[in-house]
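Everything below belongs to input_39.cif, which stores mmCIF, C-alpha atoms.
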data_final
loop_
_atom_site.label_atom_id
_atom_site.label_comp_id
_atom_site.auth_asym_id
_atom_site.auth_seq_id
_atom_site.Cartn_x
_atom_site.Cartn_y
_atom_site.Cartn_z
CA SER A 1 23.68 59.49 154.29
CA SER A 2 25.15 57.56 157.25
CA HIS A 3 28.53 57.40 155.39
CA PHE A 4 28.43 61.17 154.78
CA GLY A 5 27.65 61.78 158.45
CA SER A 6 30.63 59.62 159.58
CA ALA A 7 33.01 61.54 157.29
CA SER A 8 31.75 64.87 158.66
CA GLN A 9 32.27 63.71 162.23
CA ALA A 10 35.85 62.61 161.39
CA ARG A 11 36.65 66.01 159.90
CA LEU A 12 35.22 67.77 162.96
CA ALA A 13 37.32 65.57 165.28
CA ALA A 14 40.49 66.34 163.31
CA SER A 15 39.78 70.09 163.37
CA SER A 16 39.21 69.93 167.13
CA LEU A 17 42.52 68.11 167.65
CA LEU A 18 44.46 70.68 165.60
CA SER A 19 42.84 73.53 167.52
CA SER A 20 43.85 72.01 170.86
CA LEU A 21 47.45 71.59 169.64
CA HIS A 22 47.60 75.23 168.54
CA ALA A 23 46.20 76.35 171.88
CA SER A 24 48.70 74.31 173.91
CA SER A 25 51.86 75.49 172.09
CA PRO A 26 53.09 79.11 172.42
CA ALA A 27 55.06 78.76 169.20
CA MET A 28 51.93 77.60 167.39
CA GLN A 29 50.00 80.50 168.84
CA ALA A 30 52.57 82.91 167.43
CA GLY A 31 52.26 81.18 164.07
CA GLN A 32 56.00 80.78 163.49
CA TYR A 33 58.98 78.57 164.34
CA THR A 34 61.10 80.21 167.07
CA GLY A 35 64.04 77.79 167.22
CA ASN A 36 63.59 77.20 170.96
CA GLU A 37 61.70 73.97 170.47
CA PHE A 38 64.95 71.93 170.45
CA LYS A 39 67.08 74.08 172.76
CA ASP A 40 67.45 71.27 175.32
CA LEU A 41 68.67 68.76 172.69
CA LYS A 42 72.38 68.05 173.24
CA PRO A 43 74.62 67.73 170.15
CA SER A 44 76.11 64.31 169.51
CA GLY A 45 79.55 63.40 168.19
CA PRO A 46 83.00 64.89 168.84
CA SER A 47 83.40 68.55 169.71
CA SER A 48 84.70 71.20 167.32
CA ALA A 49 88.04 71.27 169.16
CA ALA A 50 88.41 67.49 168.75
CA LYS A 51 87.64 67.71 165.04
CA ALA A 52 90.18 70.52 164.57
CA GLY A 53 92.79 68.57 166.53
CA LEU A 54 92.27 65.42 164.47
CA PHE A 55 92.44 67.40 161.24
CA CYS A 56 95.73 69.07 162.28
CA PHE A 57 97.16 65.69 163.37
CA PHE A 58 96.24 64.12 160.02
CA VAL A 59 97.75 66.98 158.01
CA LEU A 60 100.92 66.90 160.14
CA THR A 61 101.44 63.16 159.69
CA ARG A 62 100.82 63.37 155.94
CA ALA A 63 103.37 66.18 155.67
CA LEU A 64 105.99 64.61 157.92
CA HIS A 65 106.30 61.05 156.67
CA PRO A 66 107.54 61.92 153.12
CA THR A 67 110.05 64.27 154.76
CA ILE A 68 111.27 61.47 157.05
CA ILE A 69 111.56 59.05 154.12
CA ASP A 70 113.53 61.63 152.13
CA ALA A 71 115.82 62.29 155.11
CA SER A 72 116.55 58.54 155.41
CA LYS A 73 118.19 58.47 151.99
CA THR A 74 121.93 57.88 151.82
CA ILE A 75 124.52 58.64 149.14
CA ASN A 76 125.73 55.64 147.15
CA ALA A 77 129.52 55.58 147.20
CA GLU A 78 129.70 54.07 143.69
CA THR A 79 127.17 56.21 141.81
CA GLY A 80 127.20 59.32 144.00
CA LYS A 81 123.40 59.49 143.97
CA ARG A 82 121.05 59.68 146.94
CA GLY A 83 118.75 56.73 147.35
CA ILE A 84 116.97 54.45 149.80
CA ALA A 85 119.38 51.88 151.20
CA TYR A 86 116.69 49.55 152.57
CA SER A 87 114.07 47.43 150.85
CA ASN A 88 110.71 48.98 150.00
CA MET A 89 108.86 45.85 151.12
CA SER A 90 110.45 45.93 154.58
CA VAL A 91 108.69 49.23 155.30
CA VAL A 92 105.36 48.02 153.91
CA LEU A 93 105.46 44.75 155.85
CA GLY A 94 106.41 46.53 159.07
CA GLU A 95 103.55 48.99 158.65
CA CYS A 96 101.04 46.22 157.91
CA VAL A 97 102.06 44.20 160.98
CA PHE A 98 101.87 47.27 163.24
CA THR A 99 98.48 48.33 161.80
CA LEU A 100 97.07 44.81 162.21
CA ILE A 101 98.08 44.58 165.88
CA ALA A 102 97.14 48.17 166.78
CA ALA A 103 93.71 47.96 165.09
CA GLN A 104 92.77 44.76 166.92
CA LEU A 105 93.87 46.20 170.27
CA MET A 106 91.78 49.31 169.62
CA ALA A 107 88.76 47.17 168.71
CA LEU A 108 89.13 45.25 171.96
CA ALA A 109 89.63 48.42 174.01
CA PHE A 110 86.68 50.40 172.62
CA GLY A 111 84.21 47.69 171.62
CA GLY A 112 85.14 44.63 173.63
CA THR A 113 85.16 41.04 172.45
CA LYS A 114 81.86 41.43 170.59
CA GLU A 115 83.20 44.15 168.30
CA TRP A 116 86.52 42.35 167.86
CA ARG A 117 84.70 39.24 166.60
CA MET A 118 82.97 41.36 163.95
CA ILE A 119 86.37 41.74 162.24
CA LEU A 120 86.33 38.03 161.41
CA GLU A 121 82.88 38.02 159.80
CA PRO A 122 83.26 36.69 156.22
CA LYS A 123 81.38 39.55 154.54
CA SER A 124 83.34 42.39 156.14
CA LEU A 125 86.60 40.45 156.07
CA LYS A 126 86.33 39.95 152.31
CA VAL A 127 85.65 43.63 151.59
CA PHE A 128 88.16 45.23 153.93
CA SER A 129 90.91 42.70 153.19
CA ALA A 130 90.77 43.80 149.55
CA ILE A 131 90.85 47.47 150.58
CA GLY A 132 93.78 46.77 152.92
CA PHE A 133 95.69 45.01 150.14
CA MET A 134 95.24 48.04 147.89
CA TYR A 135 96.42 50.35 150.68
CA ALA A 136 99.57 48.21 151.02
CA LEU A 137 100.09 48.43 147.25
CA GLY A 138 99.80 52.20 147.49
CA ASP A 139 102.43 52.27 150.25
CA TYR A 140 104.81 50.23 148.10
CA LEU A 141 104.28 52.61 145.18
CA GLU A 142 104.96 55.51 147.53
CA MET A 143 108.30 54.04 148.57
CA ALA A 144 109.19 53.32 144.94
CA SER A 145 108.37 56.90 143.90
CA MET A 146 110.27 58.38 146.84
CA GLY A 147 113.36 56.51 145.67
CA ALA A 148 113.39 58.57 142.46
CA LEU A 149 111.89 61.90 143.61
CA SER A 150 112.70 64.44 146.29
CA GLY A 151 110.33 64.94 149.19
CA ALA A 152 109.16 68.34 147.89
CA ALA A 153 108.42 67.04 144.39
CA TYR A 154 106.55 64.08 145.83
CA GLN A 155 104.41 66.35 148.01
CA VAL A 156 103.50 68.54 145.03
CA LEU A 157 102.60 65.58 142.83
CA LEU A 158 100.57 64.13 145.68
CA GLN A 159 98.12 67.03 145.36
CA SER A 160 96.79 65.40 142.20
CA LYS A 161 94.69 63.26 144.56
CA LEU A 162 92.27 66.22 144.79
CA VAL A 163 91.28 65.87 141.14
CA ILE A 164 91.36 62.07 141.12
CA THR A 165 89.24 61.84 144.29
CA ALA A 166 86.70 64.26 142.82
CA LEU A 167 86.44 62.17 139.64
CA MET A 168 86.07 58.92 141.58
CA LEU A 169 83.42 60.38 143.88
CA TRP A 170 81.54 61.53 140.79
CA TYR A 171 81.72 58.04 139.24
CA VAL A 172 81.21 55.86 142.35
CA LYS A 173 78.85 57.93 144.53
CA GLY A 174 77.46 60.48 142.06
CA ALA A 175 78.82 63.42 144.11
CA LYS A 176 79.39 66.27 141.64
CA GLN A 177 81.58 69.33 142.13
CA ALA A 178 80.60 72.94 141.45
CA SER A 179 82.18 74.91 138.60
CA LEU A 180 84.31 76.95 141.02
CA GLN A 181 85.60 73.77 142.63
CA TRP A 182 86.61 72.31 139.26
CA ASN A 183 88.41 75.56 138.39
CA LEU A 184 90.40 75.39 141.64
CA LEU A 185 91.31 71.76 141.04
CA VAL A 186 92.51 72.49 137.50
CA LEU A 187 94.61 75.42 138.77
CA ILE A 188 96.26 73.14 141.33
CA MET A 189 97.05 70.62 138.60
CA LEU A 190 98.57 73.33 136.37
CA SER A 191 100.66 74.67 139.27
CA MET A 192 101.93 71.16 139.91
CA CYS A 193 102.98 70.76 136.26
CA VAL A 194 104.77 74.13 136.28
CA TYR A 195 106.64 73.16 139.45
CA MET A 196 107.78 69.85 137.97
CA ILE A 197 108.93 71.45 134.69
CA GLY A 198 110.77 74.25 136.49
CA GLY A 199 112.39 71.82 138.92
CA SER A 200 113.57 69.57 136.11
CA LYS A 201 115.22 72.46 134.27
CA SER A 202 117.10 73.59 137.36
CA GLY A 203 118.13 70.03 138.28
CA SER A 204 120.88 67.86 136.91
CA GLY A 205 120.58 67.18 133.19
CA GLY A 206 117.08 68.65 133.02
CA ALA A 207 115.46 65.19 132.94
CA ILE A 208 112.15 64.47 134.63
CA PRO A 209 112.17 61.14 136.53
CA LEU A 210 109.24 59.71 134.57
CA MET A 211 109.17 56.43 136.49
CA GLY A 212 108.92 58.31 139.76
CA VAL A 213 106.10 60.50 138.44
CA PHE A 214 104.29 57.42 137.10
CA ASN A 215 104.58 55.67 140.50
CA VAL A 216 103.19 58.74 142.28
CA LEU A 217 100.18 58.90 139.96
CA LEU A 218 99.57 55.16 140.45
CA LYS A 219 99.87 55.57 144.23
CA VAL A 220 97.42 58.48 144.20
CA THR A 221 94.94 56.52 142.07
CA VAL A 222 95.10 53.48 144.35
CA SER A 223 94.83 55.58 147.52
CA CYS A 224 91.86 57.56 146.20
CA LEU A 225 90.07 54.38 145.15
CA CYS A 226 90.65 52.90 148.63
CA ALA A 227 89.36 56.06 150.32
CA VAL A 228 86.19 56.15 148.20
CA LEU A 229 85.51 52.42 148.72
CA ALA A 230 86.16 52.66 152.46
CA ASP A 231 83.78 55.62 152.72
CA LYS A 232 81.16 53.71 150.76
CA TYR A 233 81.30 50.44 152.72
CA MET A 234 81.83 51.93 156.19
CA LYS A 235 78.56 53.85 155.84
CA ASP A 236 76.53 50.87 154.58
#
Is it possible to give me this structure as structure tokens?
Amino acid sequence: SSHFGSASQARLAASSLLSSLHASSPAMQAGQYTGNEFKDLKPSGPSSAAKAGLFCFFVLTRALHPTIIDASKTINAETGKRGIAYSNMSVVLGECVFTLIAAQLMALAFGGTKEWRMILEPKSLKVFSAIGFMYALGDYLEMASMGALSGAAYQVLLQSKLVITALMLWYVKGAKQASLQWNLLVLIMLSMCVYMIGGSKSGSGGAIPLMGVFNVLLKVTVSCLCAVLADKYMKD
């Protein structure tokens, strides 16, 4: 009987506490959530204008650099064909050196010496060195494909990364796409194929530069794999 009495007293105390909470809160008295409970909570992270600016900057750089590479081609006096007169590896090595220096300076500027030393930790160094190597491989494949394709054809083929990224996200992170999204991705792929076939018929000899197309698809696959792995490990 003493155990039953203790349980009854505990239930009465809990009921009394709930009643006092309801009485002290206007929202509880109304019996509904008003949305004003968190009105003084300030949002964290970058603003909408900063996000839009970064997105536009990223799209602009992705659209400009194939155009610049295509504009740097020269006509070979012997063959009469346009091509890249410099080595593909010279561009990749220059980009890697610049990225290495700029990234370390940014780590020192924003995080200080403590954050800079985290770059040299064996666990993170092993993971992100492999990802960086694959990014460099993708840049080399990009230069190799640009040597055989025009800038416009390269840009169109590059859109295949939408489908490949969706497939890799499904396999690596289990993120599935809706039926409408898959339909849109397939339509983009079909449009890309139609563009390539039409461009090859209107070009010289009607031949599709298969090696260039193969290099683009390899570049897209490597880049998508790097993006998925970077997203996975940066959030761990």
Compile a residue-level contact table for segment 50-106 of chain A against segment 129-140 of chain A at a cut-off of 10 Å, reporting for every qualifying residue the shortest atom pair and its distance in Å to one decimal, with all atoms listed in the file counted, rows ordered by chain and ascending number, as a Markdown table.
| residue | atom | partner | partner_atom | distance |
| --- | --- | --- | --- | --- |
| A:Asn88 | CA | A:Tyr140 | CA | 6.3 |
| A:Met89 | CA | A:Tyr140 | CA | 6.7 |
| A:Ser90 | CA | A:Tyr140 | CA | 9.6 |
| A:Val91 | CA | A:Tyr140 | CA | 8.2 |
| A:Val92 | CA | A:Tyr140 | CA | 6.2 |
| A:Leu93 | CA | A:Ala136 | CA | 8.4 |
| A:Glu95 | CA | A:Ala136 | CA | 8.6 |
| A:Cys96 | CA | A:Ala136 | CA | 7.3 |
Practice task
List the residues matched by the PyMOL selection byres ((chain A and resi 233-235) around 10) in the displayed structure as a ChimeraX atom specification, ordered by chain and then by residue number.
Solution key: /A:124,127-128,228-232,236
Let me see the file: selected residues, C-alpha atoms, as a compact mmCIF listing (two decimals), keeping the file's coordinate frame.
# COMPACT_ATOMS: atom_id res chain seq x y z
CA SER A 124 83.34 42.39 156.14
CA VAL A 127 85.65 43.63 151.59
CA PHE A 128 88.16 45.23 153.93
CA VAL A 228 86.19 56.15 148.20
CA LEU A 229 85.51 52.42 148.72
CA ALA A 230 86.16 52.66 152.46
CA ASP A 231 83.78 55.62 152.72
CA LYS A 232 81.16 53.71 150.76
CA ASP A 236 76.53 50.87 154.58
List, as a tab-separated table (two decimals) with C-alpha atoms, keeping the file's coordinate frame, every residue that the PyMOL selection byres ((chain A and resi 142) around 12) selects in the file provided.
chain	number	residue	atom	x	y	z
A	65	HIS	CA	106.30	61.05	156.67
A	66	PRO	CA	107.54	61.92	153.12
A	69	ILE	CA	111.56	59.05	154.12
A	70	ASP	CA	113.53	61.63	152.13
A	88	ASN	CA	110.71	48.98	150.00
A	89	MET	CA	108.86	45.85	151.12
A	91	VAL	CA	108.69	49.23	155.30
A	92	VAL	CA	105.36	48.02	153.91
A	135	TYR	CA	96.42	50.35	150.68
A	136	ALA	CA	99.57	48.21	151.02
A	137	LEU	CA	100.09	48.43	147.25
A	138	GLY	CA	99.80	52.20	147.49
A	139	ASP	CA	102.43	52.27	150.25
A	140	TYR	CA	104.81	50.23	148.10
A	141	LEU	CA	104.28	52.61	145.18
A	143	MET	CA	108.30	54.04	148.57
A	144	ALA	CA	109.19	53.32	144.94
A	145	SER	CA	108.37	56.90	143.90
A	146	MET	CA	110.27	58.38	146.84
A	147	GLY	CA	113.36	56.51	145.67
A	148	ALA	CA	113.39	58.57	142.46
A	149	LEU	CA	111.89	61.90	143.61
A	150	SER	CA	112.70	64.44	146.29
A	151	GLY	CA	110.33	64.94	149.19
A	154	TYR	CA	106.55	64.08	145.83
A	155	GLN	CA	104.41	66.35	148.01
A	157	LEU	CA	102.60	65.58	142.83
A	158	LEU	CA	100.57	64.13	145.68
A	211	MET	CA	109.17	56.43	136.49
A	212	GLY	CA	108.92	58.31	139.76
A	213	VAL	CA	106.10	60.50	138.44
A	214	PHE	CA	104.29	57.42	137.10
A	215	ASN	CA	104.58	55.67	140.50
A	216	VAL	CA	103.19	58.74	142.28
A	217	LEU	CA	100.18	58.90	139.96
A	218	LEU	CA	99.57	55.16	140.45
A	219	LYS	CA	99.87	55.57	144.23
A	220	VAL	CA	97.42	58.48	144.20
A	221	THR	CA	94.94	56.52	142.07
A	222	VAL	CA	95.10	53.48	144.35
A	223	SER	CA	94.83	55.58	147.52
Handout entry: atom CA of Gln104 of chain A to atom CA of Pro122 of chain A, straight-line distance in Å
Key =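 Between these atoms lies a distance of 16.4 Å.
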Exercise for the section: Give me, please, the distance in Å between atom CA of Pro209 of chain A and atom CA of Lys161 of chain A, quoted to one decimal. Expected result: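 Between atom CA of Pro209 of chain A and atom CA of Lys161 of chain A the gap is 19.4 Å.
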Practice task
Spell out the residues picked by the PyMOL selection byres ((chain A and resi 175-185) around 10) here, as a PyMOL selection string.
Solution key: chain A and resi 159-164+166-174+186-191
Problem - Point-to-point distance from atom CA of Ala102 of chain A to atom CA of Ile68 of chain A, Å rounded to tenths - result: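 These atoms are spaced 21.7 Å apart.
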Put a box with edges along x, y and z around all the listed atoms of segment 153-161 of chain A, pad it by 6 Å on each side, then give me its centre and sizes in Å, one decimal, as JSON.
{"center_x": 101.6, "center_y": 65.9, "center_z": 145.1, "size_x": 25.7, "size_y": 17.3, "size_z": 17.8}
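Distances to Thr67 of chain A were evaluated for A:Gly94, A:Ala153, A:Lys126, A:Gly111 using all atoms listed in the file, and the minimum falls at A:Ala153.
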